[in-house]
Amino acid sequence: MDSLLYDLPALTIRSISVSDMDNNVYLLTAKESGAQLLIDAADDLPAIRKLIADGAADTPAEPRLALIATTHQHWDHVRALKDLVDATGARTAAGVDDAGALPVPVDVRLSHGDVGNFDGFDVTAVHLRGHTPGSIAFVYQDPDGPAHIFSGDSLFPGGVGNTQKDPERFNQLLSDVTERLFGAYPDTAVVHPGHGKPTTLGAERPHLEEWRARGW
């Protein structure tokens, strides 16, 4: 299956789904420099290595896996992380409050608003508390088009992530998503969730109050 999602001026975005939990693994490849950012080494190392190889064809430069970023600590998003780090030697990143729970040492501990520079593109960390304490969304702002939000399990088509029926966690997550995503980016922004199909902020924005009223 072709993994190419978006062919943008500065980079490509590729994605595969792995495991019976339909976990999405995303790869951003800078066309000019060959720098690559992988988001969520969820499972199936051979499939992830093929994804990285596919991305290598998107650049004339020598491809280089610059960073493996993890959206949050849950086991289904990190099953291939140690093996991928062992195979590539790539650096790792995760939210400050989730980093200690990952199966590998975390080189870059991310706080809200941190910006990563990848020799051809930048990605901003957006801290979204509630699904886990340190969940991070990664945002690439295409200079020539919409933002791309890699939301992990914090925002999906139809609602926010699971907060185990805890009202405090739900209110925190919905407040963060409302303020830090819907309040910061326009309707054209594309949301790439940790499971399932992409959506846009514009498609979801009319339902924010409905989500708050239903409590999940």
# chains A, B, ... in the order shown; residues from 1 in each chain; ligands from 1

$ select_by_dssp --residues "segment 61-180 of chain A" --states "alpha helix (DSSP H)" --output "ChimeraX atom specification"
/A:81-88,167-176

$ write_last_selection --atoms "C-alpha atoms" --output "PDB file, in the first residue's frame"
ATOM      1  CA  LEU A  81      10.287   2.116  19.879  1.00  0.00           C
ATOM      2  CA  LYS A  82      13.170   0.285  21.550  1.00  0.00           C
ATOM      3  CA  ASP A  83      13.858  -1.893  18.508  1.00  0.00           C
ATOM      4  CA  LEU A  84      13.788   1.121  16.193  1.00  0.00           C
ATOM      5  CA  VAL A  85      16.164   3.078  18.428  1.00  0.00           C
ATOM      6  CA  ASP A  86      18.477   0.055  18.602  1.00  0.00           C
ATOM      7  CA  ALA A  87      18.385  -0.328  14.811  1.00  0.00           C
ATOM      8  CA  THR A  88      18.875   3.335  13.885  1.00  0.00           C
ATOM      9  CA  PRO A 167     -14.598  14.573  34.740  1.00  0.00           C
ATOM     10  CA  GLU A 168     -11.488  16.485  35.774  1.00  0.00           C
ATOM     11  CA  ARG A 169      -9.309  14.846  33.130  1.00  0.00           C
ATOM     12  CA  PHE A 170     -12.009  15.278  30.489  1.00  0.00           C
ATOM     13  CA  ASN A 171     -12.469  18.970  31.240  1.00  0.00           C
ATOM     14  CA  GLN A 172      -8.702  19.491  31.187  1.00  0.00           C
ATOM     15  CA  LEU A 173      -8.306  17.734  27.833  1.00  0.00           C
ATOM     16  CA  LEU A 174     -11.238  19.493  26.197  1.00  0.00           C
ATOM     17  CA  SER A 175     -10.034  22.852  27.530  1.00  0.00           C
ATOM     18  CA  ASP A 176      -6.495  22.275  26.228  1.00  0.00           C
TER      19      ASP A 176
END

$ residues_around --residues "Tyr185 of chain A" --least-positions-apart "3" --cutoff "9 Å" --atoms "only C-alpha atoms" --output "list in words"
Pro146, Ala147, Arg180, Leu181, Phe182, Thr188, Ala189 and Leu201 of chain A

$ select_by_dssp --residues "segment 39-204 of chain A" --states "strand (DSSP E)" --output "PyMOL selection string"
chain A and resi 39+64-69+91-95+108-110+115-117+122-127+136-141+147-152+155-156+159-160+190-193+199-200

$ closest_atom_pairs --of "segment 119-174 of chain A" --to "segment 98-103 of chain A" --cutoff "9 Å" --atoms "only C-alpha atoms" --output "tab-separated table"
residue	atom	partner	partner_atom	distance
A:Thr132	CA	A:Asp98	CA	7.4
A:Pro133	CA	A:Asp98	CA	6.5
A:Gly134	CA	A:Asp98	CA	4.6
A:Ser135	CA	A:Asp98	CA	7.0

$ atom_distance --atom1 "atom CA of Asp144 of chain A" --atom2 "atom CA of Ala10 of chain A"
9.4 Å

$ residues_around --residues "Ile68 of chain A" --least-positions-apart "6" --cutoff "7 Å" --atoms "only C-alpha atoms" --output "PyMOL selection string"
chain A and resi 37-39+90-93

$ atom_distance --atom1 "atom CA of Gln73 of chain A" --atom2 "atom CA of Ala94 of chain A"
8.3 Å

$ residues_around --residues "Trp216 of chain A" --least-positions-apart "2" --cutoff "12 Å" --atoms "only C-alpha atoms" --output "number ranges by chain"
A: 130-131, 154-156, 158-174, 207-214

$ write_last_selection --atoms "N, CA, C and O atoms" --output "CSV table (one decimal), in the first residue's frame"
chain,number,residue,atom,x,y,z
A,130,GLY,N,-4.6,15.3,29.8
A,130,GLY,CA,-5.9,14.7,30.1
A,130,GLY,C,-5.9,13.2,29.7
A,130,GLY,O,-6.3,12.3,30.4
A,131,HIS,N,-5.6,12.9,28.4
A,131,HIS,CA,-5.5,11.5,28.0
A,131,HIS,C,-4.4,10.8,28.7
A,131,HIS,O,-4.5,9.7,29.3
A,154,SER,N,-5.3,12.5,21.6
A,154,SER,CA,-5.9,13.6,22.3
A,154,SER,C,-7.1,14.2,21.5
A,154,SER,O,-8.0,14.7,22.1
A,155,LEU,N,-7.1,14.0,20.2
A,155,LEU,CA,-8.2,14.6,19.3
A,155,LEU,C,-8.4,13.6,18.2
A,155,LEU,O,-7.4,13.3,17.5
A,156,PHE,N,-9.7,13.2,18.0
A,156,PHE,CA,-10.1,12.3,16.9
A,156,PHE,C,-11.2,13.0,16.1
A,156,PHE,O,-11.9,13.9,16.6
A,158,GLY,N,-14.7,13.3,15.8
A,158,GLY,CA,-15.9,13.0,16.7
A,158,GLY,C,-15.6,13.2,18.1
A,158,GLY,O,-16.6,13.0,18.9
A,159,GLY,N,-14.4,13.6,18.5
A,159,GLY,CA,-14.3,13.9,20.0
A,159,GLY,C,-12.8,13.8,20.4
A,159,GLY,O,-11.9,13.6,19.6
A,160,VAL,N,-12.7,14.1,21.7
A,160,VAL,CA,-11.3,14.0,22.3
A,160,VAL,C,-11.0,12.6,22.8
A,160,VAL,O,-11.9,11.7,22.7
A,161,GLY,N,-9.8,12.4,23.2
A,161,GLY,CA,-9.4,11.1,23.6
A,161,GLY,C,-10.0,10.6,24.9
A,161,GLY,O,-10.7,11.3,25.6
A,162,ASN,N,-9.8,9.3,25.2
A,162,ASN,CA,-10.4,8.6,26.4
A,162,ASN,C,-9.8,9.2,27.7
A,162,ASN,O,-8.6,9.3,27.8
A,163,THR,N,-10.6,9.6,28.6
A,163,THR,CA,-10.2,10.1,29.9
A,163,THR,C,-10.8,9.2,31.0
A,163,THR,O,-10.9,9.7,32.2
A,164,GLN,N,-11.2,8.0,30.7
A,164,GLN,CA,-11.6,7.0,31.7
A,164,GLN,C,-12.8,7.5,32.6
A,164,GLN,O,-12.9,7.2,33.8
A,165,LYS,N,-13.7,8.3,32.0
A,165,LYS,CA,-14.8,8.9,32.6
A,165,LYS,C,-14.5,9.7,33.9
A,165,LYS,O,-15.3,9.9,34.8
A,166,ASP,N,-13.3,10.3,33.8
A,166,ASP,CA,-12.9,11.2,34.9
A,166,ASP,C,-13.2,12.6,34.5
A,166,ASP,O,-12.6,13.1,33.6
A,167,PRO,N,-14.2,13.2,35.2
A,167,PRO,CA,-14.6,14.6,34.7
A,167,PRO,C,-13.5,15.6,34.7
A,167,PRO,O,-13.4,16.5,33.8
A,168,GLU,N,-12.6,15.5,35.7
A,168,GLU,CA,-11.5,16.5,35.8
A,168,GLU,C,-10.5,16.3,34.6
A,168,GLU,O,-10.2,17.3,34.0
A,169,ARG,N,-10.2,15.1,34.3
A,169,ARG,CA,-9.3,14.8,33.1
A,169,ARG,C,-10.0,15.2,31.8
A,169,ARG,O,-9.4,15.8,30.9
A,170,PHE,N,-11.3,14.9,31.7
A,170,PHE,CA,-12.0,15.3,30.5
A,170,PHE,C,-12.1,16.8,30.3
A,170,PHE,O,-11.8,17.3,29.2
A,171,ASN,N,-12.4,17.5,31.4
A,171,ASN,CA,-12.5,19.0,31.2
A,171,ASN,C,-11.1,19.6,30.9
A,171,ASN,O,-11.0,20.5,30.1
A,172,GLN,N,-10.0,19.0,31.5
A,172,GLN,CA,-8.7,19.5,31.2
A,172,GLN,C,-8.4,19.3,29.7
A,172,GLN,O,-7.8,20.1,29.0
A,173,LEU,N,-8.6,18.1,29.2
A,173,LEU,CA,-8.3,17.7,27.8
A,173,LEU,C,-9.1,18.6,26.9
A,173,LEU,O,-8.6,19.2,25.9
A,174,LEU,N,-10.4,18.7,27.1
A,174,LEU,CA,-11.2,19.5,26.2
A,174,LEU,C,-10.8,21.0,26.2
A,174,LEU,O,-10.8,21.6,25.2
A,207,HIS,N,-18.7,21.0,16.9
A,207,HIS,CA,-19.2,20.0,17.9
A,207,HIS,C,-18.6,20.2,19.3
A,207,HIS,O,-18.9,19.3,20.2
A,208,LEU,N,-17.8,21.2,19.5
A,208,LEU,CA,-17.1,21.3,20.8
A,208,LEU,C,-18.0,21.4,21.9
A,208,LEU,O,-17.8,20.7,23.0
A,209,GLU,N,-19.1,22.2,21.8
A,209,GLU,CA,-20.0,22.3,22.9
A,209,GLU,C,-20.8,21.0,23.1
A,209,GLU,O,-21.2,20.6,24.3
A,210,GLU,N,-21.1,20.3,22.0
A,210,GLU,CA,-21.8,19.0,22.1
A,210,GLU,C,-20.9,18.0,22.9
A,210,GLU,O,-21.4,17.3,23.7
A,211,TRP,N,-19.6,18.0,22.6
A,211,TRP,CA,-18.7,17.1,23.4
A,211,TRP,C,-18.7,17.5,24.9
A,211,TRP,O,-18.7,16.6,25.7
A,212,ARG,N,-18.6,18.8,25.1
A,212,ARG,CA,-18.6,19.2,26.6
A,212,ARG,C,-19.9,18.8,27.3
A,212,ARG,O,-19.9,18.3,28.4
A,213,ALA,N,-21.0,18.9,26.6
A,213,ALA,CA,-22.3,18.6,27.2
A,213,ALA,C,-22.4,17.1,27.4
A,213,ALA,O,-23.0,16.7,28.5
A,214,ARG,N,-21.9,16.3,26.6
A,214,ARG,CA,-22.0,14.8,26.7
A,214,ARG,C,-21.0,14.2,27.7
A,214,ARG,O,-21.2,13.1,28.2

$ atom_distance --atom1 "atom CA of Pro193 of chain A" --atom2 "atom CA of Glu179 of chain A"
17.9 Å

$ closest_residue --among "A:Ala184, A:Asp20, A:Gln141, A:Leu5" --to "Lys197 of chain A" --atoms "only C-alpha atoms"
A:Leu5

$ closest_residue --among "A:His192, A:Arg79, A:His148, A:His72" --to "Arg129 of chain A" --atoms "only C-alpha atoms"
A:His72

$ closest_atom_pairs --of "segment 3-28 of chain A" --to "segment 48-64 of chain A" --cutoff "9 Å" --atoms "only C-alpha atoms" --output "Markdown table"
| residue | atom | partner | partner_atom | distance |
| --- | --- | --- | --- | --- |
| A:Ser3 | CA | A:Leu51 | CA | 7.0 |
| A:Leu4 | CA | A:Gly55 | CA | 8.4 |
| A:Asp7 | CA | A:Asp58 | CA | 8.9 |
| A:Leu11 | CA | A:Asp58 | CA | 8.1 |
| A:Thr12 | CA | A:Asp58 | CA | 7.0 |
| A:Ile13 | CA | A:Gly55 | CA | 8.3 |
| A:Arg14 | CA | A:Gly55 | CA | 7.2 |
| A:Ser15 | CA | A:Leu51 | CA | 7.6 |
| A:Ile16 | CA | A:Leu51 | CA | 7.3 |
| A:Val18 | CA | A:Ile48 | CA | 8.7 |
| A:Val25 | CA | A:Ile48 | CA | 7.6 |
| A:Tyr26 | CA | A:Leu51 | CA | 8.6 |
| A:Leu27 | CA | A:Ile52 | CA | 7.1 |
| A:Leu28 | CA | A:Gly55 | CA | 7.8 |

$ write_last_selection --atoms "N, CA and C atoms" --output "mmCIF file, in the first residue's frame"
data_model
loop_
_atom_site.group_PDB
_atom_site.id
_atom_site.type_symbol
_atom_site.label_atom_id
_atom_site.label_comp_id
_atom_site.auth_asym_id
_atom_site.auth_seq_id
_atom_site.Cartn_x
_atom_site.Cartn_y
_atom_site.Cartn_z
ATOM 1 N N SER A 3 2.253 4.670 1.004
ATOM 2 C CA SER A 3 2.209 5.341 2.300
ATOM 3 C C SER A 3 2.135 6.862 2.173
ATOM 4 N N LEU A 4 2.191 7.406 0.960
ATOM 5 C CA LEU A 4 2.252 8.856 0.806
ATOM 6 C C LEU A 4 0.906 9.501 1.085
ATOM 7 N N ASP A 7 2.257 15.425 -0.406
ATOM 8 C CA ASP A 7 3.492 15.849 -1.053
ATOM 9 C C ASP A 7 3.486 17.376 -1.022
ATOM 10 N N LEU A 11 8.368 19.170 2.226
ATOM 11 C CA LEU A 11 8.485 17.826 2.780
ATOM 12 C C LEU A 11 7.348 16.942 2.305
ATOM 13 N N THR A 12 7.518 15.653 2.578
ATOM 14 C CA THR A 12 6.427 14.708 2.374
ATOM 15 C C THR A 12 5.965 14.203 3.733
ATOM 16 N N ILE A 13 4.697 13.836 3.797
ATOM 17 C CA ILE A 13 4.133 13.186 4.978
ATOM 18 C C ILE A 13 3.650 11.812 4.542
ATOM 19 N N ARG A 14 4.200 10.790 5.153
ATOM 20 C CA ARG A 14 3.767 9.420 4.893
ATOM 21 C C ARG A 14 3.182 8.826 6.172
ATOM 22 N N SER A 15 2.308 7.850 6.001
ATOM 23 C CA SER A 15 1.654 7.232 7.155
ATOM 24 C C SER A 15 1.349 5.779 6.857
ATOM 25 N N ILE A 16 1.485 4.933 7.874
ATOM 26 C CA ILE A 16 1.005 3.560 7.794
ATOM 27 C C ILE A 16 0.208 3.257 9.050
ATOM 28 N N VAL A 18 -0.510 0.215 11.762
ATOM 29 C CA VAL A 18 0.080 -1.035 12.227
ATOM 30 C C VAL A 18 -0.765 -1.622 13.349
ATOM 31 N N VAL A 25 1.439 5.432 12.262
ATOM 32 C CA VAL A 25 2.839 5.839 12.341
ATOM 33 C C VAL A 25 3.059 6.858 11.233
ATOM 34 N N TYR A 26 3.607 8.018 11.573
ATOM 35 C CA TYR A 26 3.789 9.092 10.600
ATOM 36 C C TYR A 26 5.271 9.368 10.383
ATOM 37 N N LEU A 27 5.615 9.707 9.144
ATOM 38 C CA LEU A 27 6.990 10.047 8.799
ATOM 39 C C LEU A 27 6.997 11.326 7.971
ATOM 40 N N LEU A 28 7.750 12.319 8.442
ATOM 41 C CA LEU A 28 7.961 13.569 7.703
ATOM 42 C C LEU A 28 9.383 13.555 7.169
#
